[in-house]
Structures are given as structure tokens and as C-alpha cells.
>>> print(open('model30.cif').read())   # mmCIF, C-alpha atoms, pLDDT in the B column; chains and numbers go by the auth columns
data_model
#
loop_
_atom_site.group_PDB
_atom_site.id
_atom_site.type_symbol
_atom_site.label_atom_id
_atom_site.label_comp_id
_atom_site.label_asym_id
_atom_site.label_seq_id
_atom_site.Cartn_x
_atom_site.Cartn_y
_atom_site.Cartn_z
_atom_site.B_iso_or_equiv
_atom_site.auth_seq_id
_atom_site.auth_asym_id
ATOM 1 C CA MET A 1 14.847 15.225 -5.780 92.00 218 E
ATOM 2 C CA LEU A 2 14.653 13.506 -9.160 96.00 219 E
ATOM 3 C CA ARG A 3 16.441 10.469 -7.747 97.00 220 E
ATOM 4 C CA LYS A 4 14.004 10.361 -4.836 98.00 221 E
ATOM 5 C CA LEU A 5 11.000 10.465 -7.162 98.00 222 E
ATOM 6 C CA ALA A 6 12.480 7.787 -9.417 98.00 223 E
ATOM 7 C CA ALA A 7 13.045 5.579 -6.373 98.00 224 E
ATOM 8 C CA GLU A 8 9.437 6.055 -5.250 98.00 225 E
ATOM 9 C CA LEU A 9 8.159 5.283 -8.738 98.00 226 E
ATOM 10 C CA LEU A 10 10.248 2.112 -8.970 98.00 227 E
ATOM 11 C CA GLY A 11 9.400 0.948 -5.462 98.00 228 E
ATOM 12 C CA THR A 12 5.669 1.408 -5.999 98.00 229 E
ATOM 13 C CA PHE A 13 5.936 -0.311 -9.386 98.00 230 E
ATOM 14 C CA VAL A 14 7.486 -3.394 -7.777 98.00 231 E
ATOM 15 C CA LEU A 15 4.979 -3.366 -4.904 98.00 232 E
ATOM 16 C CA VAL A 16 1.981 -3.356 -7.263 98.00 233 E
ATOM 17 C CA PHE A 17 3.551 -5.723 -9.762 98.00 234 E
ATOM 18 C CA GLY A 18 4.553 -8.219 -7.088 97.00 235 E
ATOM 19 C CA GLY A 19 1.625 -7.920 -4.713 96.00 236 E
ATOM 20 C CA CYS A 20 -1.240 -7.501 -7.156 97.00 237 E
ATOM 21 C CA GLY A 21 0.467 -9.809 -9.633 95.00 238 E
ATOM 22 C CA SER A 22 0.356 -12.601 -7.083 94.00 239 E
ATOM 23 C CA VAL A 23 -3.424 -12.137 -6.968 93.00 240 E
ATOM 24 C CA VAL A 24 -3.996 -11.824 -10.707 93.00 241 E
ATOM 25 C CA PHE A 25 -1.818 -14.731 -11.801 90.00 242 E
ATOM 26 C CA SER A 26 -2.468 -17.160 -8.943 83.00 243 E
ATOM 27 C CA ALA A 27 -6.205 -16.873 -9.633 67.00 244 E
ATOM 28 C CA ALA A 28 -5.570 -18.764 -12.860 63.00 245 E
ATOM 29 C CA PHE A 29 -4.051 -21.672 -10.921 71.00 246 E
ATOM 30 C CA PRO A 30 -6.028 -22.169 -7.698 69.00 247 E
ATOM 31 C CA GLU A 31 -4.569 -25.658 -7.344 67.00 248 E
ATOM 32 C CA LEU A 32 -1.197 -24.111 -6.493 68.00 249 E
ATOM 33 C CA GLY A 33 -2.699 -23.041 -3.191 65.00 250 E
ATOM 34 C CA ILE A 34 -1.018 -19.634 -2.823 82.00 251 E
ATOM 35 C CA GLY A 35 -4.158 -18.303 -1.106 86.00 252 E
ATOM 36 C CA PHE A 36 -4.248 -15.074 0.829 87.00 253 E
ATOM 37 C CA VAL A 37 -1.249 -16.185 2.895 91.00 254 E
ATOM 38 C CA GLY A 38 0.867 -16.233 -0.250 92.00 255 E
ATOM 39 C CA VAL A 39 -0.536 -12.896 -1.371 94.00 256 E
ATOM 40 C CA SER A 40 0.237 -11.405 2.044 96.00 257 E
ATOM 41 C CA LEU A 41 3.815 -12.615 1.765 96.00 258 E
ATOM 42 C CA ALA A 42 4.102 -11.186 -1.746 96.00 259 E
ATOM 43 C CA PHE A 43 3.115 -7.703 -0.587 97.00 260 E
ATOM 44 C CA GLY A 44 5.399 -7.847 2.434 97.00 261 E
ATOM 45 C CA LEU A 45 8.367 -9.145 0.467 97.00 262 E
ATOM 46 C CA THR A 46 8.070 -6.470 -2.204 97.00 263 E
ATOM 47 C CA VAL A 47 8.129 -3.710 0.399 98.00 264 E
ATOM 48 C CA LEU A 48 10.963 -5.339 2.346 97.00 265 E
ATOM 49 C CA THR A 49 13.204 -5.815 -0.692 97.00 266 E
ATOM 50 C CA MET A 50 12.549 -2.418 -2.218 98.00 267 E
ATOM 51 C CA ILE A 51 13.179 -0.545 1.034 98.00 268 E
ATOM 52 C CA TYR A 52 16.537 -2.284 1.222 97.00 269 E
ATOM 53 C CA ALA A 53 17.120 -1.481 -2.459 97.00 270 E
ATOM 54 C CA VAL A 54 16.131 2.192 -2.667 97.00 271 E
ATOM 55 C CA GLY A 55 14.995 3.217 0.801 96.00 272 E
ATOM 56 C CA HIS A 56 18.310 4.973 1.400 96.00 273 E
ATOM 57 C CA ILE A 57 17.473 7.243 -1.551 98.00 274 E
ATOM 58 C CA SER A 58 13.852 8.240 -0.973 97.00 275 E
ATOM 59 C CA GLY A 59 12.950 6.805 2.419 96.00 276 E
ATOM 60 C CA GLY A 60 11.027 3.950 0.814 97.00 277 E
ATOM 61 C CA HIS A 61 7.426 5.167 1.187 98.00 278 E
ATOM 62 C CA PHE A 62 5.792 3.660 -1.933 98.00 279 E
ATOM 63 C CA ASN A 63 2.431 4.727 -0.532 98.00 280 E
ATOM 64 C CA PRO A 64 0.664 8.141 -0.334 98.00 281 E
ATOM 65 C CA ALA A 65 -0.747 7.291 3.100 98.00 282 E
ATOM 66 C CA VAL A 66 2.771 6.619 4.376 98.00 283 E
ATOM 67 C CA THR A 67 4.081 9.875 2.909 98.00 284 E
ATOM 68 C CA ILE A 68 1.284 11.904 4.518 98.00 285 E
ATOM 69 C CA GLY A 69 1.549 9.931 7.750 98.00 286 E
ATOM 70 C CA LEU A 70 5.281 10.620 7.972 98.00 287 E
ATOM 71 C CA TRP A 71 4.534 14.301 7.524 98.00 288 E
ATOM 72 C CA ALA A 72 1.990 14.101 10.361 97.00 289 E
ATOM 73 C CA GLY A 73 4.643 12.395 12.454 96.00 290 E
ATOM 74 C CA GLY A 74 7.120 15.197 11.827 95.00 291 E
ATOM 75 C CA ARG A 75 9.356 13.062 9.621 95.00 292 E
ATOM 76 C CA PHE A 76 8.681 14.520 6.166 97.00 293 E
ATOM 77 C CA LYS A 77 8.591 17.927 4.485 96.00 294 E
ATOM 78 C CA ALA A 78 5.181 19.159 3.327 97.00 295 E
ATOM 79 C CA VAL A 79 6.644 20.584 0.123 97.00 296 E
ATOM 80 C CA GLU A 80 7.628 17.092 -1.075 98.00 297 E
ATOM 81 C CA ILE A 81 4.278 15.394 -0.446 98.00 298 E
ATOM 82 C CA ILE A 82 2.654 16.069 -3.840 98.00 299 E
ATOM 83 C CA PRO A 83 5.693 15.083 -5.958 98.00 300 E
ATOM 84 C CA TYR A 84 6.055 11.867 -3.966 98.00 301 E
ATOM 85 C CA ILE A 85 2.381 10.975 -4.364 98.00 302 E
ATOM 86 C CA ILE A 86 2.439 11.660 -8.111 98.00 303 E
ATOM 87 C CA SER A 87 5.477 9.403 -8.521 98.00 304 E
ATOM 88 C CA GLN A 88 3.864 6.651 -6.468 98.00 305 E
ATOM 89 C CA VAL A 89 0.631 6.738 -8.448 98.00 306 E
ATOM 90 C CA ILE A 90 2.481 6.698 -11.770 98.00 307 E
ATOM 91 C CA GLY A 91 4.602 3.757 -10.632 98.00 308 E
ATOM 92 C CA GLY A 92 1.518 1.830 -9.569 98.00 309 E
ATOM 93 C CA ILE A 93 -0.337 2.508 -12.813 98.00 310 E
ATOM 94 C CA LEU A 94 2.666 1.422 -14.885 98.00 311 E
ATOM 95 C CA ALA A 95 2.836 -1.827 -12.947 98.00 312 E
ATOM 96 C CA ALA A 96 -0.888 -2.450 -13.377 98.00 313 E
ATOM 97 C CA ALA A 97 -0.518 -1.809 -17.099 98.00 314 E
ATOM 98 C CA VAL A 98 2.232 -4.425 -17.353 98.00 315 E
ATOM 99 C CA LEU A 99 0.104 -6.871 -15.361 97.00 316 E
ATOM 100 C CA TYR A 100 -2.815 -6.210 -17.697 97.00 317 E
ATOM 101 C CA VAL A 101 -0.717 -6.875 -20.796 97.00 318 E
ATOM 102 C CA ILE A 102 0.598 -10.143 -19.372 96.00 319 E
ATOM 103 C CA ALA A 103 -2.770 -11.328 -18.045 95.00 320 E
ATOM 104 C CA SER A 104 -4.458 -10.512 -21.369 95.00 321 E
ATOM 105 C CA GLY A 105 -2.396 -13.292 -22.901 93.00 322 E
ATOM 106 C CA GLN A 106 -4.588 -15.836 -21.123 89.00 323 E
ATOM 107 C CA VAL A 107 -7.668 -16.984 -23.011 90.00 324 E
ATOM 108 C CA GLY A 108 -10.832 -15.640 -21.413 88.00 325 E
ATOM 109 C CA PHE A 109 -9.142 -13.090 -19.169 92.00 326 E
ATOM 110 C CA ASP A 110 -11.313 -10.103 -18.299 94.00 327 E
ATOM 111 C CA ALA A 111 -10.086 -7.454 -15.855 95.00 328 E
ATOM 112 C CA THR A 112 -13.608 -6.246 -15.078 96.00 329 E
ATOM 113 C CA THR A 113 -15.030 -9.670 -14.319 94.00 330 E
ATOM 114 C CA SER A 114 -11.998 -10.935 -12.410 93.00 331 E
ATOM 115 C CA GLY A 115 -11.753 -7.811 -10.266 95.00 332 E
ATOM 116 C CA PHE A 116 -8.074 -7.427 -11.172 96.00 333 E
ATOM 117 C CA ALA A 117 -6.958 -7.477 -7.502 96.00 334 E
ATOM 118 C CA SER A 118 -9.073 -4.396 -6.756 98.00 335 E
ATOM 119 C CA ASN A 119 -10.150 -3.275 -3.300 98.00 336 E
ATOM 120 C CA GLY A 120 -13.789 -3.151 -2.324 98.00 337 E
ATOM 121 C CA PHE A 121 -16.360 -3.144 0.450 98.00 338 E
ATOM 122 C CA GLY A 122 -19.945 -4.348 0.762 98.00 339 E
ATOM 123 C CA GLU A 123 -20.787 -6.663 -2.116 97.00 340 E
ATOM 124 C CA HIS A 124 -17.249 -6.214 -3.461 97.00 341 E
ATOM 125 C CA SER A 125 -15.557 -7.203 -0.209 98.00 342 E
ATOM 126 C CA PRO A 126 -13.998 -10.693 -0.521 95.00 343 E
ATOM 127 C CA GLY A 127 -15.781 -11.705 2.680 96.00 344 E
ATOM 128 C CA GLY A 128 -18.875 -9.542 2.227 97.00 345 E
ATOM 129 C CA PHE A 129 -17.873 -7.068 4.952 98.00 346 E
ATOM 130 C CA SER A 130 -19.821 -3.829 5.320 98.00 347 E
ATOM 131 C CA LEU A 131 -18.727 -0.234 4.765 98.00 348 E
ATOM 132 C CA GLN A 132 -18.435 0.212 8.528 98.00 349 E
ATOM 133 C CA SER A 133 -16.124 -2.785 8.840 98.00 350 E
ATOM 134 C CA ALA A 134 -13.995 -1.521 5.970 98.00 351 E
ATOM 135 C CA ILE A 135 -13.710 1.960 7.514 98.00 352 E
ATOM 136 C CA VAL A 136 -12.455 0.595 10.822 98.00 353 E
ATOM 137 C CA ALA A 137 -10.071 -1.891 9.210 98.00 354 E
ATOM 138 C CA GLU A 138 -8.437 0.544 6.795 98.00 355 E
ATOM 139 C CA ILE A 139 -8.014 3.347 9.348 98.00 356 E
ATOM 140 C CA VAL A 140 -6.771 1.158 12.200 98.00 357 E
ATOM 141 C CA LEU A 141 -4.410 -0.948 10.100 98.00 358 E
ATOM 142 C CA THR A 142 -2.921 2.046 8.284 98.00 359 E
ATOM 143 C CA ALA A 143 -2.394 3.774 11.633 98.00 360 E
ATOM 144 C CA ILE A 144 -0.631 0.682 12.974 98.00 361 E
ATOM 145 C CA PHE A 145 1.499 0.553 9.835 98.00 362 E
ATOM 146 C CA LEU A 146 2.641 4.153 10.361 98.00 363 E
ATOM 147 C CA ILE A 147 3.420 3.564 14.015 98.00 364 E
ATOM 148 C CA VAL A 148 5.606 0.610 13.028 98.00 365 E
ATOM 149 C CA ILE A 149 7.328 2.560 10.237 98.00 366 E
ATOM 150 C CA ILE A 150 8.112 5.591 12.391 97.00 367 E
ATOM 151 C CA GLY A 151 9.052 3.444 15.367 97.00 368 E
ATOM 152 C CA VAL A 152 11.541 1.190 13.600 97.00 369 E
ATOM 153 C CA THR A 153 13.169 4.163 11.857 96.00 370 E
ATOM 154 C CA ASP A 154 13.510 6.093 15.109 95.00 371 E
ATOM 155 C CA ARG A 155 17.185 6.756 15.878 92.00 372 E
ATOM 156 C CA ARG A 156 16.692 4.907 19.178 93.00 373 E
ATOM 157 C CA ALA A 157 15.621 1.703 17.386 93.00 374 E
ATOM 158 C CA PRO A 158 18.135 -1.066 16.559 91.00 375 E
ATOM 159 C CA PRO A 159 19.741 -0.129 13.213 90.00 376 E
ATOM 160 C CA GLY A 160 19.443 -2.238 10.064 90.00 377 E
ATOM 161 C CA PHE A 161 16.164 -4.014 10.814 94.00 378 E
ATOM 162 C CA ALA A 162 13.630 -1.405 9.690 96.00 379 E
ATOM 163 C CA PRO A 163 12.883 -2.913 6.233 97.00 380 E
ATOM 164 C CA LEU A 164 12.368 -6.346 7.768 97.00 381 E
ATOM 165 C CA ALA A 165 9.976 -5.046 10.415 97.00 382 E
ATOM 166 C CA ILE A 166 8.038 -2.944 7.893 98.00 383 E
ATOM 167 C CA GLY A 167 7.739 -5.833 5.446 98.00 384 E
ATOM 168 C CA LEU A 168 6.528 -8.209 8.153 98.00 385 E
ATOM 169 C CA ALA A 169 4.042 -5.594 9.363 98.00 386 E
ATOM 170 C CA LEU A 170 2.565 -5.432 5.867 98.00 387 E
ATOM 171 C CA VAL A 171 2.323 -9.233 5.774 98.00 388 E
ATOM 172 C CA LEU A 172 0.369 -9.127 9.042 98.00 389 E
ATOM 173 C CA ILE A 173 -1.881 -6.331 7.795 98.00 390 E
ATOM 174 C CA ASN A 174 -2.719 -8.324 4.671 97.00 391 E
ATOM 175 C CA LEU A 175 -3.411 -11.486 6.659 97.00 392 E
ATOM 176 C CA ILE A 176 -5.959 -9.543 8.680 97.00 393 E
ATOM 177 C CA SER A 177 -7.640 -7.463 6.008 97.00 394 E
ATOM 178 C CA ILE A 178 -7.613 -9.361 2.704 96.00 395 E
ATOM 179 C CA PRO A 179 -11.011 -10.892 3.602 97.00 396 E
ATOM 180 C CA ILE A 180 -12.349 -7.440 4.516 98.00 397 E
ATOM 181 C CA THR A 181 -11.265 -5.099 1.694 98.00 398 E
ATOM 182 C CA ASN A 182 -8.658 -7.121 -0.208 97.00 399 E
ATOM 183 C CA THR A 183 -6.248 -4.856 1.707 97.00 400 E
ATOM 184 C CA SER A 184 -5.498 -1.376 0.528 98.00 401 E
ATOM 185 C CA VAL A 185 -3.775 0.769 3.202 98.00 402 E
ATOM 186 C CA ASN A 186 -2.224 2.277 0.057 98.00 403 E
ATOM 187 C CA PRO A 187 -4.122 4.616 -2.293 98.00 404 E
ATOM 188 C CA ALA A 188 -1.573 4.188 -5.103 98.00 405 E
ATOM 189 C CA ARG A 189 -2.037 0.408 -5.073 98.00 406 E
ATOM 190 C CA SER A 190 -5.829 0.807 -5.117 98.00 407 E
ATOM 191 C CA THR A 191 -5.798 3.396 -7.913 98.00 408 E
ATOM 192 C CA ALA A 192 -3.513 1.370 -10.180 98.00 409 E
ATOM 193 C CA VAL A 193 -5.749 -1.688 -10.443 98.00 410 E
ATOM 194 C CA ALA A 194 -9.080 0.171 -10.206 98.00 411 E
ATOM 195 C CA ILE A 195 -8.302 1.935 -13.484 98.00 412 E
ATOM 196 C CA PHE A 196 -8.153 -1.398 -15.300 98.00 413 E
ATOM 197 C CA GLN A 197 -11.095 -2.965 -13.449 97.00 414 E
ATOM 198 C CA ASN A 198 -12.938 0.120 -14.687 95.00 415 E
ATOM 199 C CA THR A 199 -16.351 -0.257 -13.044 97.00 416 E
ATOM 200 C CA TRP A 200 -17.175 -0.756 -9.364 98.00 417 E
ATOM 201 C CA ALA A 201 -13.525 -0.389 -8.298 98.00 418 E
ATOM 202 C CA LEU A 202 -13.431 3.153 -9.672 98.00 419 E
ATOM 203 C CA GLU A 203 -16.741 3.960 -7.963 98.00 420 E
ATOM 204 C CA GLN A 204 -15.337 2.882 -4.589 98.00 421 E
ATOM 205 C CA LEU A 205 -11.838 4.299 -5.118 98.00 422 E
ATOM 206 C CA TRP A 206 -12.546 7.454 -3.108 98.00 423 E
ATOM 207 C CA PHE A 207 -12.813 5.273 -0.022 98.00 424 E
ATOM 208 C CA PHE A 208 -9.339 3.813 -0.518 98.00 425 E
ATOM 209 C CA TRP A 209 -7.850 7.277 -0.641 98.00 426 E
ATOM 210 C CA VAL A 210 -9.732 8.812 2.269 98.00 427 E
ATOM 211 C CA MET A 211 -9.506 6.011 4.856 98.00 428 E
ATOM 212 C CA PRO A 212 -5.812 5.096 4.488 98.00 429 E
ATOM 213 C CA ILE A 213 -4.847 8.783 4.575 98.00 430 E
ATOM 214 C CA ILE A 214 -6.894 9.302 7.746 98.00 431 E
ATOM 215 C CA GLY A 215 -5.218 6.233 9.210 98.00 432 E
ATOM 216 C CA GLY A 216 -1.795 7.501 8.207 98.00 433 E
ATOM 217 C CA ILE A 217 -2.387 10.858 9.872 98.00 434 E
ATOM 218 C CA VAL A 218 -3.716 9.159 13.005 98.00 435 E
ATOM 219 C CA GLY A 219 -0.738 6.803 13.217 98.00 436 E
ATOM 220 C CA GLY A 220 1.803 9.537 12.569 98.00 437 E
ATOM 221 C CA GLY A 221 0.116 11.806 15.092 97.00 438 E
ATOM 222 C CA ILE A 222 -0.016 9.104 17.769 97.00 439 E
ATOM 223 C CA TYR A 223 3.693 8.371 17.478 97.00 440 E
ATOM 224 C CA ARG A 224 4.618 12.042 17.452 96.00 441 E
ATOM 225 C CA LEU A 225 2.450 12.794 20.478 95.00 442 E
ATOM 226 C CA PHE A 226 3.222 9.822 22.700 95.00 443 E
ATOM 227 C CA PHE A 227 6.411 8.102 21.574 94.00 444 E
ATOM 228 C CA ALA A 228 8.679 10.599 19.783 91.00 445 E
ATOM 229 C CA GLU A 229 11.842 11.680 21.560 84.00 446 E
ATOM 230 C CA LYS A 230 11.229 15.038 23.181 76.00 447 E
ATOM 231 C CA GLN A 231 13.516 17.819 22.036 65.00 448 E
#
>>> encode(input="model30.cif", output="C-alpha cells")
Amino acid sequence: MLRKLAAELLGTFVLVFGGCGSVVFSAAFPELGIGFVGVSLAFGLTVLTMIYAVGHISGGHFNPAVTIGLWAGGRFKAVEIIPYIISQVIGGILAAAVLYVIASGQVGFDATTSGFASNGFGEHSPGGFSLQSAIVAEIVLTAIFLIVIIGVTDRRAPPGFAPLAIGLALVLINLISIPITNTSVNPARSTAVAIFQNTWALEQLWFFWVMPIIGGIVGGGIYRLFFAEKQ
């Protein structure tokens, strides 16, 4: 169990460091043109590489909504949910702390003013999208993510391609939802940076726990009900 938790901590650390780091550091150099396409790739690549690296140890969740969604899909033990989530949150916070230390080396950097890659809706949505839009996006996209994850790890699926499919799915999710909420679908990712943004991101953090978890349960339930192999 300790090895599983360490793998989840490390995987979530790399996800937040790579994905959110691409936002925090590229903002200082807009002329490089990474844009939200580059950020989407950064999130997808971190998940892809870390599932290949440690997925065989812990399953490669790196996301509380995925852990709970896998439980809803009949793929994960309830007794391990809380330890997994704690490890994921700690890994994310450690990564955000490292990002903060590095970014603070730039003259004029301010995590509160910059947003520090935080998720938001309404006036804090990158595209000014409403609460209603954010609710639909986070639930639907997290549900899709879980359906992909459970589907590609089904024993009937072609072996060896699951990390690639999951990583590409996260790229697609980010391409869709960065303008809406700056893409959460992951409460650990949202929590990590909100702590350092320390104002509006903390006030809206509840949303980025509730909606992805609902989406995870919906996605896991849909796969279990309609697509799982009947025993």
C-alpha cells in the first residue's frame, strides 16, 4: 500500500508541476506562443508518461475524481479511496510549492494577481463563462474521462495502449475546457494551485471538488451499467 501511495503522490506531483508549470512559466513569455494548445499537451503528456512509469504500481489515478469514479465503476476498493486522495492532494501541493518557489524568482511575480494557473468560473473563467457552463463542462468532461479510462483498461481492450489513450483524452479535454474553467476535472490539481493563489481560487475551490467527483461517479456508473462485461 505504501508503494501505491508513493506512486500516486509522485504521479500527481508531476502532473501539477508539468501541467500547471506550463501555464505559470509560459505566461512570462507570451511570444513563445505555447497557448492553450501547448498547455493541453503538457497535461496530457504528464499523465501519459507517469501512467507508463508508475501505473503498474498504483493504477495511475493521480486524481481524486478518477479514484472515486473507478470505485463507482467497480474497479477500485472503497477502503483505499481516502488514502489515495490524501496522497494525490499532498503530491499536488508539493508540486505547486516548487512552482511557487521557482516563479518567485522572477521580478514582479505575484501568485494572487497572476492567478497561478487556478480554475475559476464567472469573472474568473478565462473566457468569462457562467457557473452553469462550468457545471456542465466539468461534469460531462470528467464523465467522458472516466469512460475512456475504464474502457481502455478493460481486459477486452487492446493491451499496452491505455496510457496513450488516457493522455490523449486529457489533451482533448483541456482543448475544450481551458477557455471555460481553465480545466480542472481533477480536485487535487485545483486545490494545489488555489492554496497559493489564496483569494478567489480558494472561494471557488468547492466547485472543483464537487463537479469533477459527480462527473467521475456518472462516468464510472455509465460504463459499469452499459459497457462492462457481464459476469
>>> residues_around(input="model30.cif", residues="range 357-372 of chain E", least_positions_apart="5", cutoff="8 Å", atoms="all atoms listed in the file", output="list of chain:residue names")
E:Ala282, E:Val283, E:Gly286, E:Leu287, E:Gly290, E:Phe378, E:Ala379, E:Ala382, E:Ile383, E:Ala386, E:Leu387, E:Ile390, E:Val402, E:Pro429, E:Ile430, E:Gly432, E:Gly433, E:Ile434, E:Val435, E:Gly436, E:Gly437, E:Ile439, E:Tyr440
>>> write_last_selection(input="model30.cif", atoms="C-alpha atoms", output="short mmCIF file (atom, residue, chain, number, x, y, z; two decimals), keeping the file's coordinate frame")
data_model
loop_
_atom_site.label_atom_id
_atom_site.label_comp_id
_atom_site.auth_asym_id
_atom_site.auth_seq_id
_atom_site.Cartn_x
_atom_site.Cartn_y
_atom_site.Cartn_z
CA ALA E 282 -0.75 7.29 3.10
CA VAL E 283 2.77 6.62 4.38
CA GLY E 286 1.55 9.93 7.75
CA LEU E 287 5.28 10.62 7.97
CA GLY E 290 4.64 12.40 12.45
CA PHE E 378 16.16 -4.01 10.81
CA ALA E 379 13.63 -1.40 9.69
CA ALA E 382 9.98 -5.05 10.42
CA ILE E 383 8.04 -2.94 7.89
CA ALA E 386 4.04 -5.59 9.36
CA LEU E 387 2.56 -5.43 5.87
CA ILE E 390 -1.88 -6.33 7.80
CA VAL E 402 -3.78 0.77 3.20
CA PRO E 429 -5.81 5.10 4.49
CA ILE E 430 -4.85 8.78 4.58
CA GLY E 432 -5.22 6.23 9.21
CA GLY E 433 -1.80 7.50 8.21
CA ILE E 434 -2.39 10.86 9.87
CA VAL E 435 -3.72 9.16 13.00
CA GLY E 436 -0.74 6.80 13.22
CA GLY E 437 1.80 9.54 12.57
CA ILE E 439 -0.02 9.10 17.77
CA TYR E 440 3.69 8.37 17.48
#
>>> residues_around(input="model30.cif", residues="range 295-309 of chain E", least_positions_apart="3", cutoff="6 Å", atoms="all atoms listed in the file", output="list in words")
Leu222, Glu225, Leu226, Thr229, Phe230, Val233, Phe279, Pro281, Ala312, Ala405, Arg406 and Ala409 of chain E
>>> closest_residue(input="model30.cif", among="E:Ala314, E:Asn403, E:Ser335, E:Gln414", to="Cys237 in chain E", atoms="all atoms listed in the file")
E:Ser335
>>> residues_around(input="model30.cif", residues="range 257-268 of chain E", least_positions_apart="6", cutoff="10 Å", atoms="all atoms listed in the file", output="JSON, numbers by chain")
{"E": [224, 225, 227, 228, 229, 230, 231, 232, 233, 234, 235, 236, 237, 238, 239, 240, 251, 274, 275, 276, 277, 278, 279, 379, 380, 381, 382, 383, 384, 385, 386, 387, 388, 389, 390, 391, 392, 393, 394, 395, 400]}
>>> residues_around(input="model30.cif", residues="Gly344 in chain E", least_positions_apart="3", cutoff="9 Å", atoms="all atoms listed in the file", output="list in words")
Phe338, Gly339, Glu340, His341, Ile395, Pro396, Ile397, Thr398 and Asn399 of chain E
>>> closest_residue(input="model30.cif", among="E:Leu442, E:Ile310, E:Val271, E:Ile431", to="Lys221 in chain E", atoms="all atoms listed in the file")
E:Val271
>>> atom_distance(input="model30.cif", atom1="CA of Phe425 in chain E", atom2="CA of Thr329 in chain E")
18.2 Å
>>> atom_distance(input="model30.cif", atom1="CA of Ala411 in chain E", atom2="CA of Ala320 in chain E")
15.3 Å
>>> axis_aligned_box(input="model30.cif", around="range 305-316 of chain E", padding_each_side="8 Å", output="JSON")
{"center_x": 1.9, "center_y": -0.1, "center_z": -11.9, "size_x": 21.5, "size_y": 29.6, "size_z": 26.9}
>>> atom_distance(input="model30.cif", atom1="CA of Pro404 in chain E", atom2="CA of Trp426 in chain E")
4.9 Å
>>> residues_around(input="model30.cif", residues="Ser331 in chain E", least_positions_apart="2", cutoff="12 Å", atoms="all atoms listed in the file", output="ChimeraX atom specification")
/E:240-245,317,320-321,325-329,333-335,341,410-411,413-418
>>> closest_residue(input="model30.cif", among="E:Thr284, E:Ile412, E:Gly252, E:Ala374", to="Phe444 in chain E", atoms="only C-alpha atoms")
E:Ala374
>>> closest_residue(input="model30.cif", among="E:Asn336, E:Phe246, E:Ala223, E:Leu311", to="Gln323 in chain E", atoms="all atoms listed in the file")
E:Phe246
>>> decode(input="model30.cif", residues="range 345-396 of chain E", atoms="C-alpha atoms", output="mmCIF file, in the first residue's frame")
data_model
loop_
_atom_site.group_PDB
_atom_site.id
_atom_site.type_symbol
_atom_site.label_atom_id
_atom_site.label_comp_id
_atom_site.auth_asym_id
_atom_site.auth_seq_id
_atom_site.Cartn_x
_atom_site.Cartn_y
_atom_site.Cartn_z
ATOM 1 C CA GLY E 345 -16.000 34.627 -18.964
ATOM 2 C CA PHE E 346 -18.215 31.522 -18.903
ATOM 3 C CA SER E 347 -21.014 31.293 -16.348
ATOM 4 C CA LEU E 348 -21.458 28.937 -13.402
ATOM 5 C CA GLN E 349 -23.962 26.931 -15.440
ATOM 6 C CA SER E 350 -21.487 26.480 -18.286
ATOM 7 C CA ALA E 351 -18.782 25.423 -15.851
ATOM 8 C CA ILE E 352 -21.076 22.870 -14.175
ATOM 9 C CA VAL E 353 -21.927 21.193 -17.467
ATOM 10 C CA ALA E 354 -18.342 21.238 -18.736
ATOM 11 C CA GLU E 355 -16.733 19.803 -15.608
ATOM 12 C CA ILE E 356 -19.330 17.055 -15.102
ATOM 13 C CA VAL E 357 -19.543 15.976 -18.743
ATOM 14 C CA LEU E 358 -15.806 16.057 -19.414
ATOM 15 C CA THR E 359 -14.917 14.213 -16.206
ATOM 16 C CA ALA E 360 -17.532 11.577 -17.035
ATOM 17 C CA ILE E 361 -16.043 11.165 -20.511
ATOM 18 C CA PHE E 362 -12.580 10.896 -18.981
ATOM 19 C CA LEU E 363 -13.714 8.050 -16.710
ATOM 20 C CA ILE E 364 -15.413 6.218 -19.549
ATOM 21 C CA VAL E 365 -12.173 6.382 -21.536
ATOM 22 C CA ILE E 366 -10.057 5.272 -18.562
ATOM 23 C CA ILE E 367 -12.259 2.301 -17.686
ATOM 24 C CA GLY E 368 -12.761 1.384 -21.327
ATOM 25 C CA VAL E 369 -9.104 1.300 -22.337
ATOM 26 C CA THR E 370 -8.169 -0.671 -19.211
ATOM 27 C CA ASP E 371 -10.918 -3.224 -19.797
ATOM 28 C CA ARG E 372 -9.420 -6.691 -20.316
ATOM 29 C CA ARG E 373 -11.151 -6.786 -23.714
ATOM 30 C CA ALA E 374 -9.296 -3.661 -24.905
ATOM 31 C CA PRO E 375 -6.034 -3.905 -26.899
ATOM 32 C CA PRO E 376 -3.202 -4.203 -24.341
ATOM 33 C CA GLY E 377 -0.421 -1.640 -23.963
ATOM 34 C CA PHE E 378 -2.220 1.431 -25.303
ATOM 35 C CA ALA E 379 -4.131 2.580 -22.217
ATOM 36 C CA PRO E 380 -1.672 5.325 -21.118
ATOM 37 C CA LEU E 381 -1.588 6.750 -24.636
ATOM 38 C CA ALA E 382 -5.373 6.856 -24.920
ATOM 39 C CA ILE E 383 -5.775 8.374 -21.446
ATOM 40 C CA GLY E 384 -3.136 11.025 -22.104
ATOM 41 C CA LEU E 385 -4.700 11.984 -25.431
ATOM 42 C CA ALA E 386 -8.134 12.122 -23.798
ATOM 43 C CA LEU E 387 -6.797 14.633 -21.281
ATOM 44 C CA VAL E 388 -5.309 16.704 -24.110
ATOM 45 C CA LEU E 389 -8.738 16.796 -25.766
ATOM 46 C CA ILE E 390 -10.468 17.686 -22.502
ATOM 47 C CA ASN E 391 -8.087 20.598 -21.970
ATOM 48 C CA LEU E 392 -8.525 21.839 -25.533
ATOM 49 C CA ILE E 393 -12.258 22.014 -24.910
ATOM 50 C CA SER E 394 -12.392 23.407 -21.399
ATOM 51 C CA ILE E 395 -9.391 25.682 -20.811
ATOM 52 C CA PRO E 396 -11.465 28.665 -22.036
#
